[in-house]
Amino acid sequence: MQYRTLGRTGVQVSTLALGAMNFGSIGRTTQDEATAIVDAALESGVNLIDTADMYGRGESEEMVGKAIAGRRDDIVLATKAAMPMSDERNHRGSSRRWLVTALDDSLRRLGVDHVDLYQIHRWDPTTSDEETLSALTDLQRAGKIRHFGSSTFPAHRVVQAQWAAREHHLSRYVTEQPSYSILQRGIEAHVLPVTEEYGLGVLAWSPLASGWLSGAVRAGRDITTHRSAVLPDRFDLGLPANRARLDAVERLAKVADEAGLTMIQLALGFVTAHPAVTSALIGPRTLDHLHSQLAAADTVLPDDVLDAIDEIVAPGTDLAAHEKFDTPPALLDPALRRRVRNR
């Protein structure tokens with residue numbers, strides 16, 4: 001396992017980090033299975049575990065808490081807040097009112113008195129940066145969080161939050177957690193240059209592109225992955241974006257074969273090769289999944305392989321741009337990009 005400094009925090013984290021989204025009902029992973037996955041990950045050298053309050057409405061945090069009991073000090077523990085936790089309108093977002101409550105709930109479920117990294121799961125357009133950063137700074141000073149970061153923020157919001165922290169003399173986000181894979185490279189054009197400019201650590205989620213790069217999705221085979229059952233539209237080959245992905249996967253499989261690599265090694269090696277990326281988040285549902293992904297822990301792709309990948313999916317290109325979570329609202333809502341006419 002390799003280790004890198006998380007942004008400018010001085011904290012050393014493994015280049016493969018364990019994402020716990022699949023713990024519980026989402027991934028049909030039991031507590032015993034989750035504990036076995038955590039045990040094997042830690043034994044391999046993984047030292048960063050990432051979860052979120054909304055994963056199973058707290059179920060993932062509870063399972064992580066039980067799995068790490070008695071060895072908290074050896075783990076860099078990260079969780080997130082801001083996504084809806086109930087139908088109550090104020091049980092979401094990044095207001096001070098909600099973050100104070102949400103963090104206490106997360107600490108209780110995890111069975112700890114602090115987390116090392118507390119992340120705002122999505123940008124909340126209804127709450128000012130000053131409000132959010134002020135709350136996070138106070139929680140940091142109270143010792144409940146060591147550092148805080150953002151997740152899936154558009155590049156301009158990352159910049160705006162950095163400016164707001166300086167303007168109001170508050171602590172700043174020290175990490176960003178974006179979606180990044182060979183098939184979704186859009187952040188290379190905007191988010192990653194910004195994280196490098198501000199010295200943010202980057203924890204890349206979905207490096208296997210929801211299973212497209214796991215080796216299980218190939219031409220001529222039925223797609224039977226767990227994710228395809230949950231999100232069938234993302235694997236419907238009647239859609240142009242999915243046909244483009246399948247074509248890319250077939251070409252990438254040839255590159256992997258010629259390099260003596262599995263598709264997983266190619267995919268994870270690509271993500272961790274970018275100088276802006278600190279860690280790739282893997283989210284196994286089973287021990288077999290974990291071991292196949294840990295096999296990429298020491299994978300370093302040579303230039304000729306990276307060049308071949310660039311020929312298949314050009315730098316800065318998203319093959320499924322409609323699945324992005326950091327798209328500016330005006331690109332999704334026509335009313336936001338049309339001036340209101342005087343009547």
# chains A, B, ... in the order shown; residues from 1 in each chain; ligands from 1
$ select_by_dssp --residues "region 20-249 of chain A" --states "strand (DSSP E)" --output "ChimeraX atom specification"
/A:48-50,76-81,115-120,145-151,175-177,201-204
$ closest_atom_pairs --of "region 110-150 of chain A" --to "region 72-88 of chain A" --cutoff "10 Å" --atoms "only C-alpha atoms" --output "CSV"
residue,atom,partner,partner_atom,distance
A:Leu110,CA,A:Thr79,CA,9.5
A:Gly111,CA,A:Arg72,CA,9.6
A:Val112,CA,A:Arg72,CA,7.8
A:His114,CA,A:Leu77,CA,8.7
A:Val115,CA,A:Leu77,CA,5.5
A:Asp116,CA,A:Leu77,CA,5.2
A:Leu117,CA,A:Ala78,CA,4.5
A:Tyr118,CA,A:Thr79,CA,5.4
A:Gln119,CA,A:Lys80,CA,4.4
A:Ile120,CA,A:Ala81,CA,5.4
A:His121,CA,A:Ala81,CA,5.4
A:Arg122,CA,A:Ala82,CA,6.5
A:Trp123,CA,A:Ala82,CA,8.2
A:Asp124,CA,A:Ala82,CA,7.6
A:Ile145,CA,A:Ala78,CA,9.4
A:Arg146,CA,A:Ala78,CA,10.0
A:His147,CA,A:Ala78,CA,9.4
A:Phe148,CA,A:Ala78,CA,9.1
A:Gly149,CA,A:Lys80,CA,8.9
A:Ser150,CA,A:Lys80,CA,8.7
$ write_last_selection --atoms "C-alpha atoms" --output "mmCIF file, in the first residue's frame"
data_model
loop_
_atom_site.group_PDB
_atom_site.id
_atom_site.type_symbol
_atom_site.label_atom_id
_atom_site.label_comp_id
_atom_site.auth_asym_id
_atom_site.auth_seq_id
_atom_site.Cartn_x
_atom_site.Cartn_y
_atom_site.Cartn_z
ATOM 1 C CA LEU A 110 -20.158 5.666 14.964
ATOM 2 C CA GLY A 111 -19.505 5.336 18.697
ATOM 3 C CA VAL A 112 -16.717 7.943 18.679
ATOM 4 C CA HIS A 114 -14.775 12.935 16.911
ATOM 5 C CA VAL A 115 -14.265 12.315 13.205
ATOM 6 C CA ASP A 116 -11.116 13.175 11.338
ATOM 7 C CA LEU A 117 -12.886 14.504 8.247
ATOM 8 C CA TYR A 118 -16.437 15.865 8.092
ATOM 9 C CA GLN A 119 -17.670 16.520 4.567
ATOM 10 C CA ILE A 120 -20.580 18.480 3.113
ATOM 11 C CA HIS A 121 -22.096 15.809 0.883
ATOM 12 C CA ARG A 122 -23.469 18.219 -1.734
ATOM 13 C CA TRP A 123 -23.425 21.978 -2.157
ATOM 14 C CA ASP A 124 -26.519 23.501 -0.559
ATOM 15 C CA ILE A 145 -14.052 17.226 13.930
ATOM 16 C CA ARG A 146 -10.382 17.540 13.028
ATOM 17 C CA HIS A 147 -10.822 18.768 9.439
ATOM 18 C CA PHE A 148 -13.687 19.370 7.040
ATOM 19 C CA GLY A 149 -14.180 19.109 3.299
ATOM 20 C CA SER A 150 -16.647 19.232 0.433
#
$ residues_around --residues "region 239-247 of chain A" --least-positions-apart "6" --cutoff "8 Å" --atoms "only C-alpha atoms" --output "list in words"
Leu183, Trp212, Val217, Arg218, Ala219, Leu319 and Ala320 of chain A
$ residues_around --residues "Thr15 (chain A)" --least-positions-apart "3" --cutoff "8 Å" --atoms "only C-alpha atoms" --output "list in words"
Met1, Gln2, Tyr3, Arg4, Val46, Thr272, Thr278, Ser279, Ala280 and Ala297 of chain A
$ residues_around --residues "Tyr173 (chain A)" --least-positions-apart "2" --cutoff "12 Å" --atoms "only C-alpha atoms" --output "PyMOL selection string"
chain A and resi 6-9+117-120+129+132-134+136-137+140+146-151+153+157-166+170-171+175-177+195+198-202
$ closest_residue --among "A:Leu281, A:Ala142, A:Ala259, A:Val38" --to "Gly19 (chain A)" --atoms "only C-alpha atoms"
A:Leu281
$ closest_residue --among "A:Ser95, A:Gln12, A:Thr262, A:Thr5" --to "Pro275 (chain A)" --atoms "only C-alpha atoms"
A:Thr5
$ closest_residue --among "A:Ile187, A:Asp288, A:Val230, A:His322" --to "His274 (chain A)" --atoms "only C-alpha atoms"
A:Ile187
$ closest_residue --among "A:Asp105, A:Asp307, A:Glu250, A:Glu130" --to "Arg172 (chain A)" --atoms "only C-alpha atoms"
A:Glu130
$ closest_residue --among "A:Pro207, A:His190, A:Val11, A:Asp138" --to "Ile282 (chain A)" --atoms "only C-alpha atoms"
A:Pro207
$ residues_around --residues "His226 (chain A)" --least-positions-apart "5" --cutoff "9 Å" --atoms "only C-alpha atoms" --output "number ranges by chain"
A: 27, 211, 231
$ closest_residue --among "A:Ala248, A:Leu306, A:Leu192, A:Met21" --to "Glu61 (chain A)" --atoms "only C-alpha atoms"
A:Met21
$ atom_distance --atom1 "CA of Leu294 (chain A)" --atom2 "CA of Lys66 (chain A)"
22.5 Å
$ decode --residues "region 34-48 of chain A" --atoms "N, CA and C atoms" --output "CSV table (one decimal), in the first residue's frame"
chain,number,residue,atom,x,y,z
A,34,ALA,N,-19.5,-6.8,6.9
A,34,ALA,CA,-18.8,-5.5,6.9
A,34,ALA,C,-17.6,-5.5,7.8
A,35,THR,N,-17.7,-6.2,9.0
A,35,THR,CA,-16.6,-6.2,9.9
A,35,THR,C,-15.4,-7.0,9.2
A,36,ALA,N,-15.7,-8.1,8.5
A,36,ALA,CA,-14.7,-8.8,7.8
A,36,ALA,C,-14.0,-8.0,6.7
A,37,ILE,N,-14.8,-7.2,6.0
A,37,ILE,CA,-14.2,-6.3,5.0
A,37,ILE,C,-13.3,-5.2,5.7
A,38,VAL,N,-13.8,-4.7,6.8
A,38,VAL,CA,-12.9,-3.7,7.5
A,38,VAL,C,-11.6,-4.3,8.0
A,39,ASP,N,-11.8,-5.5,8.6
A,39,ASP,CA,-10.6,-6.2,9.1
A,39,ASP,C,-9.6,-6.5,7.9
A,40,ALA,N,-10.0,-6.9,6.8
A,40,ALA,CA,-9.1,-7.2,5.7
A,40,ALA,C,-8.5,-6.0,5.1
A,41,ALA,N,-9.3,-4.9,5.0
A,41,ALA,CA,-8.8,-3.6,4.5
A,41,ALA,C,-7.7,-3.1,5.4
A,42,LEU,N,-8.0,-3.1,6.7
A,42,LEU,CA,-7.0,-2.5,7.6
A,42,LEU,C,-5.7,-3.4,7.6
A,43,GLU,N,-5.9,-4.7,7.5
A,43,GLU,CA,-4.7,-5.6,7.5
A,43,GLU,C,-3.8,-5.3,6.2
A,44,SER,N,-4.5,-4.9,5.1
A,44,SER,CA,-3.8,-4.6,3.9
A,44,SER,C,-3.1,-3.3,3.9
A,45,GLY,N,-3.4,-2.5,4.9
A,45,GLY,CA,-2.7,-1.2,4.9
A,45,GLY,C,-3.7,0.0,4.7
A,46,VAL,N,-4.9,-0.3,4.3
A,46,VAL,CA,-5.9,0.8,4.2
A,46,VAL,C,-6.1,1.5,5.6
A,47,ASN,N,-6.0,2.8,5.6
A,47,ASN,CA,-6.2,3.5,6.9
A,47,ASN,C,-7.3,4.6,6.9
A,48,LEU,N,-7.9,4.8,5.8
A,48,LEU,CA,-9.0,5.8,5.7
A,48,LEU,C,-10.3,5.0,5.4
